[in-house]
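Next up, input-v2.cif (mmCIF, C-alpha atoms):
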data_upload
#
loop_
_atom_site.label_atom_id
_atom_site.label_comp_id
_atom_site.auth_asym_id
_atom_site.auth_seq_id
_atom_site.Cartn_x
_atom_site.Cartn_y
_atom_site.Cartn_z
CA MET A 5 79.81 92.29 75.50
CA THR A 6 81.26 95.74 76.23
CA GLU A 7 78.53 96.78 78.65
CA GLU A 8 78.88 96.45 82.43
CA PHE A 9 76.92 93.67 84.12
CA HIS A 10 73.62 94.81 85.59
CA ARG A 11 74.51 94.51 89.28
CA ILE A 12 77.95 96.05 88.75
CA ARG A 13 76.30 99.06 87.10
CA ARG A 14 74.28 99.61 90.27
CA LEU A 15 77.45 100.10 92.35
CA PRO A 16 79.00 103.58 92.45
CA PRO A 17 82.75 104.16 92.08
CA TYR A 18 84.65 102.98 95.14
CA VAL A 19 85.17 106.16 97.15
CA PHE A 20 88.12 104.79 99.11
CA ALA A 21 90.02 103.84 95.94
CA GLU A 22 91.81 107.16 95.51
CA VAL A 23 93.09 107.24 99.08
CA ASN A 24 94.06 103.56 98.93
CA LYS A 25 95.98 104.17 95.68
CA ALA A 26 97.85 107.09 97.23
CA LYS A 27 98.57 105.02 100.34
CA ALA A 28 99.99 102.16 98.27
CA ALA A 29 102.17 104.55 96.25
CA ALA A 30 103.55 106.17 99.41
CA ARG A 31 104.44 102.81 100.91
CA ALA A 32 106.04 101.68 97.66
CA ALA A 33 108.22 104.78 97.87
CA GLY A 34 109.36 103.72 101.33
CA GLU A 35 107.33 106.24 103.33
CA ASP A 36 106.19 105.43 106.87
CA ILE A 37 102.39 105.58 106.74
CA ILE A 38 100.37 105.43 109.95
CA ASP A 39 97.25 103.71 108.70
CA LEU A 40 94.17 104.68 110.69
CA GLY A 41 91.84 104.21 107.75
CA MET A 42 90.70 100.62 108.10
CA GLY A 43 88.99 98.94 111.07
CA ASN A 44 91.54 96.14 111.19
CA PRO A 45 92.38 95.03 114.76
CA ASP A 46 96.12 94.92 115.42
CA SER A 47 96.05 92.78 118.57
CA ALA A 48 96.56 89.00 118.72
CA PRO A 49 93.54 86.83 119.57
CA PRO A 50 93.42 85.22 123.04
CA ALA A 51 96.23 82.67 123.44
CA HIS A 52 93.89 79.86 124.49
CA VAL A 53 91.81 80.40 121.36
CA VAL A 54 94.83 80.17 119.08
CA GLN A 55 95.94 77.05 120.96
CA LYS A 56 92.53 75.44 120.41
CA LEU A 57 92.78 76.24 116.71
CA VAL A 58 96.21 74.62 116.46
CA GLU A 59 95.04 71.60 118.43
CA THR A 60 92.00 71.08 116.23
CA VAL A 61 93.94 71.54 112.99
CA GLY A 62 95.97 68.50 114.04
CA ASP A 63 92.86 66.31 113.97
CA PRO A 64 92.55 64.66 110.53
CA ARG A 65 88.77 64.55 110.94
CA ALA A 66 88.57 68.36 111.09
CA HIS A 67 89.49 68.98 107.45
CA GLY A 68 86.36 67.90 105.64
CA TYR A 69 83.30 69.94 104.79
CA SER A 70 81.78 71.60 107.83
CA VAL A 71 78.20 72.62 108.62
CA SER A 72 76.94 75.69 106.78
CA ARG A 73 74.86 76.98 109.68
CA GLY A 74 77.59 76.29 112.25
CA ILE A 75 78.46 73.26 114.34
CA PRO A 76 75.98 72.65 117.20
CA GLY A 77 78.47 73.55 119.94
CA LEU A 78 79.15 76.92 118.33
CA ARG A 79 75.47 77.77 118.05
CA ARG A 80 74.99 76.79 121.69
CA ALA A 81 77.94 78.98 122.70
CA MET A 82 76.41 81.98 120.94
CA ALA A 83 73.05 81.31 122.63
CA ASN A 84 74.84 81.19 125.98
CA TYR A 85 76.56 84.50 125.20
CA TYR A 86 73.20 86.17 124.55
CA GLU A 87 71.81 84.78 127.79
CA ARG A 88 74.65 85.99 130.03
CA ARG A 89 75.38 89.28 128.24
CA PHE A 90 71.90 90.51 127.28
CA ASN A 91 69.54 88.28 129.31
CA VAL A 92 68.06 87.16 125.97
CA SER A 93 67.07 83.52 125.44
CA VAL A 94 67.45 82.13 121.92
CA ASP A 95 67.04 78.61 120.56
CA PRO A 96 70.39 77.48 119.07
CA GLU A 97 68.53 75.18 116.68
CA THR A 98 66.13 77.68 115.11
CA GLU A 99 67.27 81.17 116.13
CA VAL A 100 71.07 81.09 115.64
CA ILE A 101 73.24 80.67 112.55
CA ALA A 102 76.99 81.07 112.14
CA THR A 103 78.14 83.28 109.26
CA LEU A 104 81.44 84.04 107.55
CA GLY A 105 81.68 87.31 109.42
CA SER A 106 78.70 89.60 109.94
CA LYS A 107 79.29 91.22 106.52
CA GLU A 108 78.64 87.98 104.64
CA GLY A 109 75.57 87.30 106.74
CA LEU A 110 74.09 90.73 106.08
CA ALA A 111 74.68 90.48 102.33
CA ASN A 112 73.22 86.98 102.02
CA LEU A 113 70.19 87.79 104.14
CA ALA A 114 69.59 90.82 101.92
CA ALA A 115 69.61 88.49 98.92
CA ALA A 116 67.27 86.07 100.68
CA ILE A 117 64.54 88.54 101.62
CA THR A 118 64.67 91.14 98.83
CA SER A 119 62.49 91.38 95.76
CA PRO A 120 63.52 93.70 92.90
CA GLY A 121 62.23 97.19 93.59
CA ASP A 122 61.82 96.78 97.36
CA THR A 123 62.52 99.85 99.47
CA ILE A 124 64.96 99.46 102.36
CA LEU A 125 65.57 102.02 105.12
CA VAL A 126 69.28 102.51 105.84
CA PRO A 127 71.05 105.04 108.09
CA ASN A 128 73.26 107.49 106.26
CA PRO A 129 76.19 107.52 106.90
CA SER A 130 76.62 103.81 107.57
CA TYR A 131 78.90 100.86 106.93
CA PRO A 132 78.75 100.29 103.13
CA ILE A 133 77.36 96.72 103.18
CA HIS A 134 74.25 98.02 104.96
CA GLN A 135 73.06 99.66 101.77
CA PHE A 136 75.02 97.89 99.05
CA GLY A 137 74.00 94.41 100.14
CA PHE A 138 70.42 95.40 99.34
CA ILE A 139 71.33 97.38 96.22
CA ILE A 140 73.12 94.34 94.80
CA ALA A 141 69.99 92.31 95.59
CA GLY A 142 67.87 94.71 93.52
CA ALA A 143 66.35 96.98 96.16
CA SER A 144 66.15 100.75 96.35
CA VAL A 145 67.56 102.40 99.46
CA ARG A 146 66.01 105.31 101.31
CA SER A 147 68.36 107.14 103.67
CA ILE A 148 67.38 107.98 107.23
CA PRO A 149 69.34 109.88 109.91
CA ALA A 150 72.04 107.82 111.62
CA THR A 151 71.40 109.21 115.10
CA PRO A 152 69.49 107.08 117.67
CA ASP A 153 67.01 109.81 118.51
CA GLU A 154 63.79 111.51 117.49
CA ASP A 155 65.25 112.52 114.11
CA MET A 156 65.48 108.88 113.08
CA LEU A 157 62.04 108.04 114.46
CA ARG A 158 60.42 110.95 112.59
CA ALA A 159 62.22 109.94 109.40
CA LEU A 160 60.92 106.39 109.75
CA ASP A 161 57.37 107.67 110.04
CA ARG A 162 57.79 109.86 106.93
CA ALA A 163 59.33 106.97 105.01
CA VAL A 164 56.34 104.72 105.66
CA ARG A 165 53.89 107.43 104.60
CA HIS A 166 55.74 108.61 101.50
CA SER A 167 57.69 105.64 100.09
CA VAL A 168 56.28 103.64 97.18
CA PRO A 169 56.46 100.74 97.60
CA LYS A 170 56.27 100.69 101.37
CA PRO A 171 59.62 99.81 103.02
CA THR A 172 60.14 96.15 103.81
CA ALA A 173 63.24 96.29 106.02
CA LEU A 174 65.24 98.62 108.26
CA ILE A 175 68.94 98.53 109.17
CA VAL A 176 70.17 99.73 112.57
CA ASN A 177 73.79 99.69 113.74
CA PHE A 178 74.76 100.72 117.28
CA PRO A 179 77.52 101.15 118.35
CA SER A 180 77.75 102.58 114.90
CA ASN A 181 80.37 102.30 112.22
CA PRO A 182 81.38 104.99 111.30
CA THR A 183 79.70 107.49 113.65
CA ALA A 184 80.30 105.65 116.97
CA PHE A 185 76.81 106.50 118.22
CA VAL A 186 75.38 104.15 120.88
CA ALA A 187 71.66 103.40 121.35
CA ASN A 188 69.85 102.60 124.57
CA LEU A 189 67.04 100.15 125.22
CA ASP A 190 64.36 102.85 125.26
CA PHE A 191 65.27 103.79 121.69
CA TYR A 192 65.16 100.15 120.64
CA LYS A 193 61.69 99.85 122.16
CA GLU A 194 60.52 102.63 119.83
CA ILE A 195 62.15 100.96 116.83
CA VAL A 196 60.60 97.58 117.60
CA ALA A 197 57.17 99.10 118.15
CA PHE A 198 57.44 100.89 114.79
CA ALA A 199 58.50 97.70 112.98
CA ARG A 200 55.77 95.59 114.54
CA ARG A 201 53.15 98.22 113.73
CA GLU A 202 54.27 98.59 110.10
CA ASN A 203 55.25 94.95 109.41
CA ILE A 204 58.87 95.83 108.63
CA TRP A 205 61.86 93.58 109.25
CA ILE A 206 64.77 94.90 111.34
CA LEU A 207 68.37 93.89 110.71
CA SER A 208 70.48 95.01 113.68
CA ASP A 209 74.27 95.10 113.29
CA LEU A 210 75.80 94.67 116.77
CA ALA A 211 79.38 93.95 115.67
CA TYR A 212 80.79 96.40 118.26
CA SER A 213 78.77 95.15 121.22
CA GLU A 214 81.85 94.81 123.46
CA ILE A 215 83.74 97.97 122.42
CA TYR A 216 82.21 100.67 124.59
CA PHE A 217 83.63 103.25 126.99
CA ASN A 218 80.93 103.90 129.58
CA ALA A 219 81.24 100.91 131.90
CA ASP A 220 77.86 101.68 133.48
CA GLU A 221 75.98 101.49 130.17
CA PRO A 222 77.08 98.56 128.00
CA PRO A 223 75.28 98.58 124.63
CA PRO A 224 72.08 96.53 124.77
CA SER A 225 70.78 94.06 122.24
CA LEU A 226 67.70 95.07 120.30
CA LEU A 227 66.46 91.52 120.97
CA ALA A 228 66.14 92.40 124.67
CA VAL A 229 62.96 94.30 123.77
CA PRO A 230 59.87 92.11 124.32
CA GLY A 231 58.48 91.04 120.96
CA ALA A 232 61.63 91.97 119.03
CA LYS A 233 62.17 88.43 117.76
CA ASP A 234 58.84 88.72 115.93
CA VAL A 235 60.44 91.20 113.51
CA ALA A 236 64.22 91.29 114.02
CA VAL A 237 67.48 89.50 113.53
CA GLU A 238 70.79 90.69 114.96
CA PHE A 239 74.31 90.22 113.61
CA THR A 240 77.37 89.92 115.83
CA SER A 241 81.00 89.14 115.12
CA MET A 242 84.14 87.68 116.67
CA SER A 243 86.25 90.15 114.70
CA LYS A 244 86.52 93.07 117.10
CA THR A 245 85.66 91.42 120.41
CA TYR A 246 88.43 88.83 120.15
CA SER A 247 90.66 90.42 117.47
CA MET A 248 89.74 87.59 115.07
CA ALA A 249 88.89 89.69 112.01
CA GLY A 250 90.70 87.49 109.50
CA TRP A 251 89.06 84.34 110.87
CA ARG A 252 85.71 85.49 109.40
CA MET A 253 83.37 84.27 112.09
CA GLY A 254 80.07 85.96 112.82
CA PHE A 255 76.48 85.15 113.73
CA ALA A 256 72.87 86.02 113.06
CA VAL A 257 70.47 85.60 115.96
CA GLY A 258 66.73 86.17 116.24
CA ASN A 259 63.59 85.71 114.17
CA PRO A 260 63.31 82.04 113.07
CA LYS A 261 61.86 82.90 109.66
CA LEU A 262 64.81 85.18 108.86
CA ILE A 263 67.28 82.66 110.24
CA GLN A 264 65.72 79.94 108.09
CA ALA A 265 65.89 82.16 105.00
CA LEU A 266 69.58 82.84 105.59
CA THR A 267 70.20 79.16 106.30
CA ARG A 268 68.63 78.13 103.00
CA ILE A 269 70.58 80.71 100.97
CA LYS A 270 73.85 79.70 102.62
CA SER A 271 73.19 76.01 102.02
CA TYR A 272 73.53 76.74 98.30
CA LEU A 273 76.62 78.92 98.67
CA ASP A 274 79.03 77.53 101.27
CA TYR A 275 79.87 74.71 103.65
CA GLY A 276 80.49 76.99 106.61
CA ALA A 277 83.72 78.16 108.17
CA PHE A 278 86.70 75.81 108.52
CA THR A 279 85.82 73.48 111.41
CA PRO A 280 88.92 74.33 113.53
CA ILE A 281 87.92 78.01 113.38
CA GLN A 282 84.45 77.12 114.63
CA VAL A 283 85.86 74.99 117.45
CA ALA A 284 88.28 77.75 118.46
CA SER A 285 85.39 80.24 118.41
CA VAL A 286 83.57 78.04 120.93
CA ALA A 287 86.63 78.32 123.17
CA ALA A 288 86.53 82.11 122.82
CA LEU A 289 82.83 82.41 123.70
CA ASN A 290 82.80 79.85 126.51
CA GLY A 291 86.22 80.54 128.00
CA PRO A 292 87.52 83.30 130.29
CA GLN A 293 86.47 86.79 129.21
CA ASP A 294 89.32 88.82 130.74
CA TYR A 295 90.62 89.40 127.23
CA VAL A 296 87.45 91.27 126.28
CA SER A 297 87.79 93.66 129.22
CA ASP A 298 91.47 94.21 128.40
CA ILE A 299 90.72 94.97 124.74
CA ARG A 300 88.02 97.44 125.78
CA ALA A 301 90.46 99.20 128.12
CA MET A 302 93.08 99.28 125.36
CA TYR A 303 90.74 100.98 122.90
CA LYS A 304 89.71 103.49 125.56
CA ASP A 305 93.37 104.38 126.22
CA ARG A 306 93.93 104.80 122.49
CA ARG A 307 90.80 106.93 122.16
CA ASP A 308 91.96 109.25 124.93
CA VAL A 309 95.49 109.57 123.51
CA LEU A 310 94.13 110.34 120.05
CA LEU A 311 91.65 112.94 121.25
CA ARG A 312 94.21 114.72 123.46
CA GLY A 313 96.69 114.84 120.60
CA LEU A 314 94.15 116.12 118.10
CA SER A 315 92.95 118.74 120.57
CA ALA A 316 96.53 119.94 121.00
CA ALA A 317 96.74 120.17 117.21
CA GLY A 318 93.64 122.39 117.15
CA TRP A 319 91.30 119.69 115.86
CA ASP A 320 88.27 119.21 118.09
CA VAL A 321 86.79 115.73 117.72
CA PRO A 322 83.83 114.39 119.76
CA ALA A 323 84.70 111.50 122.05
CA PRO A 324 83.21 108.27 120.69
CA ALA A 325 81.04 106.35 123.14
CA GLY A 326 81.73 103.02 121.45
CA SER A 327 83.28 101.23 118.47
CA MET A 328 86.95 101.46 117.49
CA PHE A 329 86.59 104.71 115.55
CA ALA A 330 86.45 108.46 116.00
CA TRP A 331 84.07 110.29 113.66
CA ALA A 332 85.89 113.55 113.07
CA PRO A 333 84.50 116.68 111.44
CA ILE A 334 87.03 118.08 108.98
CA PRO A 335 88.81 121.09 110.56
CA PRO A 336 87.21 124.37 109.41
CA ALA A 337 90.29 125.51 107.46
CA PHE A 338 89.99 122.41 105.27
CA ALA A 339 86.22 121.92 105.23
CA ASP A 340 85.67 123.17 101.66
CA MET A 341 88.05 120.52 100.28
CA GLY A 342 85.70 117.65 100.93
CA SER A 343 86.58 114.45 102.75
CA VAL A 344 88.38 112.67 99.88
CA GLU A 345 90.79 115.48 99.05
CA PHE A 346 91.38 116.24 102.73
CA SER A 347 92.22 112.57 103.34
CA LYS A 348 94.66 112.60 100.42
CA LEU A 349 96.32 115.78 101.67
CA LEU A 350 96.61 114.40 105.21
CA LEU A 351 98.23 111.27 103.82
CA LYS A 352 100.60 113.21 101.58
CA GLU A 353 101.77 115.78 104.12
CA ALA A 354 101.34 114.07 107.50
CA GLY A 355 101.77 110.43 106.54
CA VAL A 356 98.46 109.56 108.26
CA ALA A 357 95.75 107.59 106.46
CA VAL A 358 92.09 108.07 107.42
CA ALA A 359 88.83 107.03 105.74
CA PRO A 360 86.91 109.79 103.91
CA GLY A 361 83.39 110.17 105.26
CA LEU A 362 81.88 110.25 101.77
CA GLY A 363 82.62 106.54 101.51
CA PHE A 364 79.91 105.88 104.11
CA GLY A 365 77.19 107.81 102.27
CA GLU A 366 76.64 111.33 101.05
CA TYR A 367 75.78 112.54 104.55
CA GLY A 368 79.23 111.41 105.68
CA GLU A 369 80.74 114.24 103.66
CA GLY A 370 82.48 116.74 105.91
CA PHE A 371 83.88 114.00 108.16
CA VAL A 372 86.66 111.43 108.24
CA ARG A 373 86.75 108.19 110.18
CA ILE A 374 89.85 107.60 112.29
CA GLY A 375 90.52 104.05 113.46
CA LEU A 376 92.01 103.23 116.86
CA VAL A 377 94.10 100.53 115.21
CA GLU A 378 97.64 101.58 116.18
CA ASN A 379 99.31 101.55 119.59
CA THR A 380 99.46 104.70 121.71
CA GLN A 381 103.04 105.49 120.64
CA ARG A 382 102.05 105.48 116.98
CA LEU A 383 98.92 107.51 117.73
CA ARG A 384 101.06 110.16 119.46
CA GLN A 385 103.32 110.15 116.42
CA ALA A 386 100.27 110.60 114.18
CA THR A 387 98.86 113.51 116.16
CA ARG A 388 102.25 115.27 116.23
CA ALA A 389 102.41 114.95 112.44
CA ILE A 390 98.85 116.25 112.14
CA LYS A 391 99.68 119.22 114.38
CA SER A 392 102.63 120.10 112.18
CA PHE A 393 100.49 119.67 109.07
CA MET A 394 97.77 121.97 110.37
CA SER A 395 100.18 124.64 111.55
CA ARG A 396 101.85 124.71 108.12
CA HIS A 397 98.60 125.50 106.36
CA GLY A 398 97.03 127.71 108.99
CA ALA A 399 93.65 129.36 108.69
CA GLY A 400 94.60 131.57 105.73
CA ALA A 401 95.17 128.89 103.10
CA SER A 402 92.74 128.99 100.19
CA THR A 403 90.76 125.96 99.12
CA ALA A 404 92.38 126.13 95.70
CA ASP A 405 95.85 126.00 97.24
CA LEU A 406 94.89 123.08 99.46
CA LEU A 407 93.36 121.14 96.58
CA GLY A 408 96.45 121.82 94.51
CA ALA A 409 98.63 120.47 97.30
CA ALA A 410 96.52 117.32 97.59
CA GLN A 411 96.57 116.62 93.88
CA SER A 412 100.20 117.46 93.15
#

Could I get this file's structure written as structure tokens?
Amino acid sequence: MTEEFHRIRRLPPYVFAEVNKAKAAARAAGEDIIDLGMGNPDSAPPAHVVQKLVETVGDPRAHGYSVSRGIPGLRRAMANYYERRFNVSVDPETEVIATLGSKEGLANLAAAITSPGDTILVPNPSYPIHQFGFIIAGASVRSIPATPDEDMLRALDRAVRHSVPKPTALIVNFPSNPTAFVANLDFYKEIVAFARRENIWILSDLAYSEIYFNADEPPPSLLAVPGAKDVAVEFTSMSKTYSMAGWRMGFAVGNPKLIQALTRIKSYLDYGAFTPIQVASVAALNGPQDYVSDIRAMYKDRRDVLLRGLSAAGWDVPAPAGSMFAWAPIPPAFADMGSVEFSKLLLKEAGVAVAPGLGFGEYGEGFVRIGLVENTQRLRQATRAIKSFMSRHGAGASTADLLGAAQS
């Protein structure tokens, strides 16, 4: 009775817990914390979507059990989105399912398709559910590079030749959380060809499909590759595109066998999202899309303000091509601290919360993730505080002194 449950034992300590504890303590003490650590959109959803929600809530018929796989109109709306955005045709009856956010869909599909001891290929660093959904389901995870280039392709080839048992599934996530890398269609063609050749399923996480900063190269769907639906399913989300994170509405689209597996698992676990949320999501997908362009422009402005401010502080951070994050290498003077202690020190002395890279996998060590989740005024305030913080410590501070400051 005193032992941990089997699946809980498989989960490592929560890396973000220390920073979250320090953040909560600082706020309890009345400190003003600029929280750039969580990917939580701060904008309101489109007004017409909220109005549709309110209108539907007023209908007494809308409060019963809903449909686990999504109401028909919602599945049709997602199919229409794929057609106009990616030129990809999908059958709303057999190739689309609504999920309670993409995170829930990923975790439940992992449970549906995983046998104990399976090997799954997961980028490292990556969003935690990409690996832990499969670990909870009983699989072993093999890390591959997170970059959409030859390094990943070579690693996939090695994994097939040297993994026992042979891998059964591969996760890809572009635009990536946390690294903000963006893949092109040529790369996806290589990934699909590999998966078809080796009989490996692909789970593509496209949650940031509409948050990109090169207007001439919007992120493609992996399903746009001919033959991709033979081996792949893709997850999307309303959370970032329409600032509807708390509504928990996402989708899986693609291979009918995978969609059916997820549908069957979900039929045992839930009755779908609250019907008014599904109806309002139809209004978001089928209605005017000016909001999406405005949100994209807003994140670009925030990205540029953040990067200019960090550069002025002496912190050089690569410009993200997509997502709502900057993936920032720890400044050289602080590099030996590690990402957790650096994040704690930044919180303590600058009042700025970021996410330690170690929380996204061991190869995330040496980085922090900075969210574009505050307005430009607050981002300027954050970068001024970071500049002051960095100038106080300078290049001569020892690692021991810095660690002592973080832990005191």

Discussion item. Nearest residue to A:Ile374 out of A:Ala199, A:Met42, A:Val237, A:Leu362, using only C-alpha atoms?
Written reply: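 Using only C-alpha atoms, A:Ile374 sits closest to A:Met42.
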
Item to complete: Name the closest residue to A:Ala284 among the candidates A:Val176, A:Tyr246, A:Gly142, A:Ile38; distances are taken between atoms, counting only C-alpha atoms.
Response: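 Ranking A:Val176, A:Tyr246, A:Gly142, A:Ile38 by distance to A:Ala284, first place goes to A:Tyr246.
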
Worksheet item: Which distance in Å separates atom CA of A:Arg146 and atom CA of A:Leu227, to one decimal?
Response: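 Atom CA of A:Arg146 sits 24.0 Å away from atom CA of A:Leu227.
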
Discussion item. Evaluate the PyMOL selection byres ((chain A and resi 356) around 8) against this structure - the residues, as a ChimeraX atom specification, please.
Written reply: /A:37-40,350-352,354-355,357-358,386,389-390

Could you turn the residues from that selection into a file that holds C-alpha atoms, as a CSV table (one decimal), keeping the file's coordinate frame?
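So selection_31.csv came out as:
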chain,number,residue,atom,x,y,z
A,37,ILE,CA,102.4,105.6,106.7
A,38,ILE,CA,100.4,105.4,110.0
A,39,ASP,CA,97.2,103.7,108.7
A,40,LEU,CA,94.2,104.7,110.7
A,350,LEU,CA,96.6,114.4,105.2
A,351,LEU,CA,98.2,111.3,103.8
A,352,LYS,CA,100.6,113.2,101.6
A,354,ALA,CA,101.3,114.1,107.5
A,355,GLY,CA,101.8,110.4,106.5
A,357,ALA,CA,95.8,107.6,106.5
A,358,VAL,CA,92.1,108.1,107.4
A,386,ALA,CA,100.3,110.6,114.2
A,389,ALA,CA,102.4,115.0,112.4
A,390,ILE,CA,98.8,116.2,112.1

Worksheet item: Written as a ChimeraX atom specification, which residues does the PyMOL selection byres ((chain A and resi 47-57) around 10) give for the file shown?
Response: /A:44-46,58-62,242-249,279-289,291-296,299,302,377-379

Practice prompt. Given the file shown, enumerate the residues that the PyMOL selection byres ((chain A and resi 224) around 7) captures and present them as a list of chain:residue names.
Written response: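 For this structure, the PyMOL selection byres ((chain A and resi 224) around 7) resolves to A:Phe90, A:Asn188, A:Leu189, A:Pro222, A:Pro223, A:Ser225, A:Leu226.
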
Worksheet item: Hey, which of A:Asn84, A:Thr387, A:Ser347, A:Ser327 ends up closest to A:Leu311? Count only C-alpha atoms.
Response: A:Thr387

Discussion item. Can you measure atom CA of A:Arg79 to atom CA of A:Glu97 for me? One decimal in Å is fine.
Written reply: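 Taking atom CA of A:Arg79 and atom CA of A:Glu97, their separation equals 7.5 Å.
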
Discussion item. For a quick check of understanding, using all atoms listed in the file, which of A:Tyr212, A:Phe371, A:Trp205, A:Phe364 has the smallest distance to A:Phe136?
Written reply: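 When distances to A:Phe136 are compared using all atoms listed in the file, the smallest one comes from A:Phe364.
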
Can you write stretch 339-345 of chain A from the block above with all heavy atoms, as a compact mmCIF listing (two decimals), in the first residue's frame?
# COMPACT_ATOMS: atom_id res chain seq x y z
N ALA A 339 25.42 29.90 -18.05
CA ALA A 339 25.19 28.61 -18.69
C ALA A 339 25.44 27.43 -17.76
O ALA A 339 24.74 26.42 -17.81
CB ALA A 339 26.05 28.49 -19.94
N ASP A 340 26.45 27.54 -16.88
CA ASP A 340 26.80 26.41 -16.02
C ASP A 340 25.77 26.16 -14.92
O ASP A 340 25.82 25.13 -14.24
CB ASP A 340 28.17 26.62 -15.39
CG ASP A 340 29.30 26.53 -16.41
OD1 ASP A 340 29.06 25.94 -17.49
OD2 ASP A 340 30.40 27.02 -16.13
N MET A 341 24.83 27.08 -14.73
CA MET A 341 23.81 26.91 -13.69
C MET A 341 22.82 25.82 -14.06
O MET A 341 22.25 25.17 -13.19
CB MET A 341 23.02 28.21 -13.50
CG MET A 341 23.79 29.37 -12.99
SD MET A 341 22.66 30.76 -12.73
CE MET A 341 21.70 30.17 -11.33
N GLY A 342 22.56 25.66 -15.32
CA GLY A 342 21.47 24.80 -15.76
C GLY A 342 20.18 25.58 -15.85
O GLY A 342 20.02 26.65 -15.25
N SER A 343 19.24 25.06 -16.61
CA SER A 343 18.03 25.83 -16.94
C SER A 343 17.10 26.03 -15.74
O SER A 343 16.45 27.08 -15.63
CB SER A 343 17.28 25.16 -18.09
OG SER A 343 16.87 23.84 -17.74
N VAL A 344 17.03 25.06 -14.83
CA VAL A 344 16.12 25.21 -13.69
C VAL A 344 16.62 26.30 -12.74
O VAL A 344 15.85 27.20 -12.35
CB VAL A 344 15.97 23.87 -12.93
CG1 VAL A 344 15.14 24.06 -11.66
CG2 VAL A 344 15.31 22.83 -13.83
N GLU A 345 17.88 26.26 -12.37
CA GLU A 345 18.41 27.26 -11.44
C GLU A 345 18.46 28.65 -12.08
O GLU A 345 18.21 29.65 -11.41
CB GLU A 345 19.79 26.84 -10.94
CG GLU A 345 19.80 25.58 -10.10
CD GLU A 345 18.90 25.70 -8.88
OE1 GLU A 345 18.79 26.80 -8.32
OE2 GLU A 345 18.30 24.68 -8.49
